[in-house]
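Everything below belongs to structure_31.cif, which stores mmCIF, C-alpha atoms.
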data_work
loop_
_atom_site.label_atom_id
_atom_site.label_comp_id
_atom_site.auth_asym_id
_atom_site.auth_seq_id
_atom_site.Cartn_x
_atom_site.Cartn_y
_atom_site.Cartn_z
CA MET A 1049 140.39 223.70 114.27
CA LYS A 1050 137.77 222.91 111.66
CA LEU A 1051 138.26 222.75 107.90
CA LEU A 1052 135.41 222.26 105.46
CA ILE A 1053 136.33 221.22 101.93
CA VAL A 1054 133.46 222.22 99.67
CA SER A 1055 133.40 220.66 96.22
CA ALA A 1056 130.69 220.49 93.59
CA LEU A 1057 129.86 219.96 89.98
CA SER A 1058 129.84 223.31 88.21
CA GLY A 1059 126.40 224.81 88.58
CA ALA A 1060 125.46 222.71 91.62
CA GLY A 1061 125.74 225.58 94.10
CA LYS A 1062 129.28 225.74 95.48
CA SER A 1063 129.39 229.55 95.44
CA ILE A 1064 126.11 229.74 97.36
CA ALA A 1065 127.44 227.27 99.92
CA LEU A 1066 130.65 229.26 100.44
CA ASP A 1067 128.73 232.54 100.74
CA THR A 1068 126.49 230.95 103.37
CA LEU A 1069 129.44 229.60 105.33
CA GLU A 1070 131.12 233.01 105.20
CA ASP A 1071 127.97 234.61 106.60
CA CYS A 1072 128.13 232.06 109.44
CA GLY A 1073 131.67 232.98 110.47
CA TYR A 1074 133.84 230.73 108.31
CA TYR A 1075 136.95 232.09 106.58
CA CYS A 1076 136.30 231.04 102.96
CA ILE A 1077 138.68 230.53 100.06
CA ASP A 1078 137.47 229.48 96.62
CA ASN A 1079 139.43 227.51 94.03
CA LEU A 1080 142.45 226.71 96.17
CA PRO A 1081 144.65 224.19 94.31
CA VAL A 1082 144.73 220.81 96.06
CA ALA A 1083 148.53 220.85 95.73
CA LEU A 1084 148.64 223.95 97.99
CA LEU A 1085 146.15 222.70 100.54
CA GLU A 1086 148.68 221.08 102.87
CA ASP A 1087 150.96 224.15 102.75
CA PHE A 1088 148.00 226.41 103.48
CA ILE A 1089 147.20 224.41 106.61
CA SER A 1090 150.80 224.26 107.85
CA LYS A 1091 151.81 227.83 107.07
CA VAL A 1092 148.52 229.71 107.44
CA MET A 1093 145.85 227.88 109.45
CA LEU A 1094 148.14 226.48 112.14
CA PHE A 1095 150.18 229.71 112.22
CA ASP A 1096 147.14 231.87 113.09
CA GLY A 1097 144.67 229.57 114.80
CA ASN A 1098 142.34 232.37 115.91
CA LYS A 1099 141.66 233.78 112.46
CA TYR A 1100 141.40 230.41 110.71
CA ALA A 1101 139.74 228.35 113.47
CA LYS A 1102 136.83 227.71 111.11
CA THR A 1103 137.85 227.65 107.46
CA ALA A 1104 136.06 226.54 104.29
CA VAL A 1105 137.93 225.84 101.05
CA GLY A 1106 136.27 225.45 97.67
CA ILE A 1107 137.83 222.88 95.33
CA ASP A 1108 136.50 222.18 91.86
CA ALA A 1109 137.44 220.91 88.41
CA ARG A 1110 139.71 223.87 87.73
CA ASN A 1111 142.36 221.92 89.65
CA GLN A 1112 144.87 219.76 87.82
CA ASN A 1113 143.61 216.24 87.29
CA GLU A 1114 146.68 214.73 88.99
CA SER A 1115 146.05 216.72 92.17
CA LEU A 1116 142.42 215.62 92.30
CA ALA A 1117 143.44 211.99 91.81
CA ASN A 1118 145.71 212.27 94.88
CA PHE A 1119 142.99 213.84 97.03
CA SER A 1120 142.78 210.80 99.32
CA ASP A 1121 146.45 211.12 100.30
CA THR A 1122 146.09 214.86 100.84
CA LEU A 1123 143.08 214.33 103.08
CA SER A 1124 144.99 211.80 105.21
CA LEU A 1125 147.89 214.23 105.65
CA ILE A 1126 145.51 217.00 106.72
CA ARG A 1127 143.83 214.86 109.36
CA ALA A 1128 147.21 213.64 110.60
CA LYS A 1129 147.92 217.26 111.58
CA GLY A 1130 144.98 217.18 114.00
CA ILE A 1131 142.61 219.18 111.78
CA ASP A 1132 138.90 218.31 111.98
CA CYS A 1133 138.37 218.06 108.22
CA GLN A 1134 134.95 217.42 106.68
CA VAL A 1135 134.11 217.14 102.99
CA ILE A 1136 130.90 218.48 101.47
CA PHE A 1137 130.05 217.49 97.90
CA MET A 1138 127.18 218.94 95.88
CA GLN A 1139 125.77 217.46 92.73
CA ALA A 1140 122.78 217.74 90.44
CA GLU A 1141 121.26 215.84 87.56
CA GLU A 1142 122.74 216.48 84.12
CA ALA A 1143 119.48 217.96 82.78
CA THR A 1144 119.39 220.44 85.66
CA LEU A 1145 122.99 221.56 85.12
CA LEU A 1146 122.41 221.97 81.38
CA LYS A 1147 119.33 224.09 82.09
CA ARG A 1148 121.17 226.28 84.58
CA TYR A 1149 123.99 226.93 82.14
CA SER A 1150 121.55 227.75 79.34
CA GLU A 1151 119.76 230.25 81.60
CA THR A 1152 122.90 231.99 82.89
CA ARG A 1153 124.89 231.69 79.63
CA ARG A 1154 128.03 231.17 81.69
CA ARG A 1155 130.92 229.16 80.32
CA HIS A 1156 131.73 225.83 81.93
CA PRO A 1157 135.41 225.76 83.03
CA LEU A 1158 136.14 222.64 80.97
CA THR A 1159 134.46 223.60 77.71
CA ASP A 1160 136.38 224.78 74.65
CA TYR A 1161 136.02 224.55 70.89
CA ASN A 1162 136.51 220.78 71.00
CA ILE A 1163 134.57 219.93 74.20
CA PRO A 1164 130.83 220.74 74.27
CA LEU A 1165 129.00 221.36 77.55
CA LYS A 1166 127.44 217.90 77.86
CA GLU A 1167 130.81 216.22 77.45
CA ALA A 1168 132.44 218.67 79.87
CA LEU A 1169 129.91 217.70 82.55
CA LEU A 1170 130.82 214.03 82.16
CA ILE A 1171 134.55 214.77 82.35
CA GLU A 1172 134.03 216.93 85.43
CA ARG A 1173 132.03 214.23 87.22
CA GLU A 1174 134.88 211.77 86.64
CA MET A 1175 137.50 214.28 87.79
CA LEU A 1176 135.69 215.00 91.06
CA ALA A 1177 134.88 211.36 91.83
CA ALA A 1178 137.92 211.12 94.13
CA ILE A 1179 136.51 213.93 96.29
CA ALA A 1180 132.92 212.66 96.16
CA ARG A 1181 134.04 209.28 97.52
CA HIS A 1182 135.28 210.94 100.71
CA ALA A 1183 132.27 213.22 101.23
CA ASN A 1184 130.81 213.36 104.73
CA VAL A 1185 127.81 215.22 103.37
CA VAL A 1186 126.38 214.86 99.84
CA ILE A 1187 123.74 217.36 98.75
CA ASP A 1188 121.74 216.98 95.57
CA THR A 1189 120.53 220.39 94.39
CA SER A 1190 118.53 219.28 91.34
CA LEU A 1191 115.25 220.42 92.90
CA THR A 1192 116.68 222.96 95.36
CA GLN A 1193 116.31 226.71 95.04
CA GLN A 1194 118.94 229.15 96.29
CA HIS A 1195 117.25 230.02 99.59
CA GLN A 1196 116.56 226.32 100.24
CA LEU A 1197 120.22 225.48 99.66
CA ARG A 1198 121.27 228.18 102.11
CA GLU A 1199 119.00 226.65 104.74
CA LEU A 1200 120.33 223.15 104.01
CA ILE A 1201 123.91 224.32 104.47
CA LYS A 1202 123.04 225.97 107.77
CA GLU A 1203 121.14 222.93 109.03
CA GLN A 1204 123.52 220.23 107.84
CA VAL A 1205 126.84 221.94 108.48
CA ILE A 1206 126.57 224.86 110.90
CA GLU A 1207 124.28 223.24 113.47
CA GLN A 1208 126.31 220.06 113.20
CA ASP A 1209 129.08 221.79 115.16
CA TYR A 1210 126.96 221.52 118.27
CA ARG A 1211 125.46 218.04 117.93
CA HIS A 1212 126.65 214.51 117.23
CA ILE A 1213 124.96 213.34 114.02
CA SER A 1214 122.53 215.04 111.66
CA LEU A 1215 119.45 213.13 110.54
CA GLN A 1216 117.54 214.52 107.59
CA PHE A 1217 114.07 213.09 107.05
CA GLN A 1218 112.83 213.86 103.55
CA SER A 1219 109.48 213.15 101.95
CA PHE A 1220 109.21 212.91 98.18
CA GLY A 1221 107.02 211.68 95.33
CA PHE A 1222 108.25 208.73 93.28
CA LYS A 1223 106.68 210.23 90.16
CA HIS A 1224 109.14 213.13 90.49
CA GLY A 1225 112.20 210.91 91.00
CA VAL A 1226 114.06 209.39 93.94
CA PRO A 1227 116.39 211.81 95.82
CA LEU A 1228 119.95 211.11 94.70
CA ASP A 1229 121.47 212.07 98.04
CA ALA A 1230 119.37 209.69 100.15
CA ASP A 1231 121.19 207.08 102.25
CA PHE A 1232 118.03 205.02 102.82
CA VAL A 1233 114.80 205.08 100.83
CA PHE A 1234 111.50 203.70 102.14
CA ASP A 1235 108.42 203.20 99.99
CA ALA A 1236 105.03 204.16 101.45
CA ARG A 1237 103.01 203.52 98.29
CA CYS A 1238 101.70 200.31 99.83
CA LEU A 1239 99.63 202.29 102.33
CA PRO A 1240 96.02 203.44 101.79
CA ASN A 1241 96.14 206.68 99.82
CA PRO A 1242 94.22 209.70 101.19
CA TYR A 1243 94.28 211.10 97.65
CA TRP A 1244 91.39 208.81 96.73
CA ILE A 1245 89.21 210.24 99.49
CA PRO A 1246 87.62 213.39 97.99
CA GLU A 1247 87.60 215.43 101.20
CA LEU A 1248 91.30 214.66 101.84
CA ARG A 1249 92.65 215.03 98.29
CA ALA A 1250 93.52 218.73 98.48
CA MET A 1251 95.15 218.35 101.90
CA THR A 1252 98.65 217.17 102.84
CA GLY A 1253 100.15 214.92 105.47
CA LYS A 1254 100.42 217.97 107.73
CA ASP A 1255 96.66 218.41 107.99
CA ALA A 1256 94.87 216.97 111.02
CA ALA A 1257 92.29 215.08 108.97
CA VAL A 1258 94.99 213.25 106.97
CA ILE A 1259 97.00 212.52 110.11
CA GLU A 1260 93.93 211.09 111.82
CA PHE A 1261 93.12 208.94 108.78
CA LEU A 1262 96.63 207.46 108.54
CA GLN A 1263 96.99 206.98 112.30
CA GLY A 1264 93.89 204.82 112.09
CA GLU A 1265 95.44 202.56 109.44
CA ARG A 1266 97.18 199.50 110.90
CA TYR A 1267 99.67 199.19 108.02
CA ALA A 1268 100.71 202.83 108.36
CA THR A 1269 101.48 202.25 112.03
CA GLU A 1270 103.40 199.06 111.26
CA LEU A 1271 105.48 200.73 108.54
CA PHE A 1272 106.30 203.63 110.85
CA ASP A 1273 107.37 201.22 113.60
CA ASP A 1274 109.54 199.21 111.18
CA ILE A 1275 111.32 202.30 109.81
CA HIS A 1276 111.84 203.65 113.32
CA ALA A 1277 113.26 200.33 114.54
CA PHE A 1278 115.63 200.10 111.55
CA ILE A 1279 117.04 203.60 112.05
CA ASP A 1280 117.23 203.23 115.82
CA LYS A 1281 119.19 199.99 115.45
CA TRP A 1282 121.67 201.00 112.77
CA MET A 1283 122.21 204.75 113.31
CA PRO A 1284 124.62 204.19 116.26
CA ARG A 1285 126.73 201.91 114.06
CA PHE A 1286 127.05 204.58 111.36
CA GLU A 1287 127.84 207.22 113.97
CA LYS A 1288 130.52 204.98 115.46
CA GLU A 1289 132.16 204.72 112.03
CA GLY A 1290 132.45 208.51 111.90
CA ARG A 1291 129.33 209.26 109.90
CA SER A 1292 128.14 212.77 110.69
CA TYR A 1293 125.10 212.99 108.42
CA MET A 1294 122.37 210.66 107.17
CA THR A 1295 119.38 211.23 104.89
CA ILE A 1296 116.29 209.06 105.36
CA ALA A 1297 113.89 209.47 102.44
CA VAL A 1298 110.28 208.28 102.51
CA GLY A 1299 108.35 208.34 99.26
CA CYS A 1300 104.77 207.93 98.13
CA THR A 1301 103.26 208.54 94.71
CA GLY A 1302 102.99 212.33 94.74
CA GLY A 1303 104.83 213.24 97.94
CA GLN A 1304 101.81 215.00 99.44
CA HIS A 1305 100.14 212.72 102.00
CA ARG A 1306 101.63 209.42 103.20
CA SER A 1307 105.32 210.31 102.96
CA VAL A 1308 104.77 213.71 104.61
CA PHE A 1309 102.88 212.08 107.47
CA LEU A 1310 105.58 209.46 108.06
CA VAL A 1311 108.48 211.93 107.86
CA ASP A 1312 106.91 214.30 110.38
CA ALA A 1313 106.14 211.37 112.70
CA LEU A 1314 109.72 210.06 112.45
CA ALA A 1315 111.22 213.49 113.09
CA LYS A 1316 109.03 213.85 116.17
CA ARG A 1317 110.00 210.40 117.46
CA PHE A 1318 113.75 211.04 117.00
CA ASN A 1319 113.65 214.55 118.44
CA ASN A 1320 116.63 214.64 120.79
CA PRO A 1321 118.98 217.46 121.92
CA ALA A 1322 121.96 215.29 120.92
CA LEU A 1323 120.72 215.00 117.31
CA ASN A 1324 120.39 217.59 114.61
CA ILE A 1325 117.01 216.74 113.09
CA ILE A 1326 116.25 218.20 109.66
CA VAL A 1327 112.86 217.86 107.97
CA ARG A 1328 112.40 218.48 104.28
CA HIS A 1329 109.22 217.94 102.28
CA ARG A 1330 110.51 218.13 98.73
CA GLU A 1331 107.23 218.27 96.85
CA LEU A 1332 105.52 220.67 99.26
CA HIS A 1333 108.02 223.38 98.22
#

Just dump the structure as structure tokens.
Amino acid sequence: MKLLIVSALSGAGKSIALDTLEDCGYYCIDNLPVALLEDFISKVMLFDGNKYAKTAVGIDARNQNESLANFSDTLSLIRAKGIDCQVIFMQAEEATLLKRYSETRRRHPLTDYNIPLKEALLIEREMLAAIARHANVVIDTSLTQQHQLRELIKEQVIEQDYRHISLQFQSFGFKHGVPLDADFVFDARCLPNPYWIPELRAMTGKDAAVIEFLQGERYATELFDDIHAFIDKWMPRFEKEGRSYMTIAVGCTGGQHRSVFLVDALAKRFNNPALNIIVRHRELH
């Protein structure tokens, strides 16, 4: 039996994640109190294994603080019952969450006359820290649209049921910020930049002319080989420790040429039926 615990900062996309999981055959429950989680498993999931073989439970800051603080103990008890329990945590930058709330005009669950929105976001982040620490998958949705988040959930969670470990290769531009959910970040700004070649400027790392240019650069080949060797050496160690998901981010200045080229090349090199390979070019969206 598989249980997904989906938690998120308010406005980070938990509802979209649960809707996506429901569409993919999961029985979904939102805002289940942590204090009732163990009883739900014992008296509901294990009682009717067919109906609840794949279940997703949403847990957020509407829970009592004491229950959230004891999340680690609850998680241990769940796994002791033989349940395959994975934790997904979604977050976003404060500025993004503030913008989303201003656009929707929804009320944050922790705000009242004495607690403004900005302070509520800080309190919520502290409350959910106990869950975030145990997350198998962390997704930052600061620059992710709804349809992109749906695809990420499908790629990182649904397809994971059929493979060993998920590897997400993500290109990005440093001038737009480093991805907060990256496990490893590699810097490609040291490589020759196709942007400064007029005929290549408007292209991306997916175009044949840019690929040919970078394949002809010795340092680009060496950096690719070094990143590949690092991942190839250490990925089995993370998988052995129970890690089910890793994000490898490669950045250049604008996220258009060098990082895109390297990410596509890495994804091609690691293509393996036993792995769930995910490619995301953040700035190309």

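Distances here use only C-alpha atoms; by that measure, the residue among A:Asp1067, A:Glu1270, A:Asp1229, A:Glu1265 closest to Thr1295 of chain A is A:Asp1229.
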
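The residue that comes closest to Glu1287 of chain A, out of A:Tyr1243, A:Gln1134, A:Ser1214, A:Gly1106 and on the basis of only C-alpha atoms, is A:Ser1214.
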
Quick one: pull the distance between atom CA of Val1186 of chain A and atom CA of Phe1119 of chain A, Å, one decimal.
-> 16.9 Å

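The residue that comes closest to Ile1213 of chain A, out of A:Arg1285, A:Lys1147, A:Arg1306, A:Arg1198 and on the basis of all atoms listed in the file, is A:Arg1285.
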
Which of these residues is nearest to Tyr1074 of chain A, using all atoms listed in the file: A:Arg1266, A:Arg1148, A:Arg1127, A:Lys1202?
-> A:Lys1202
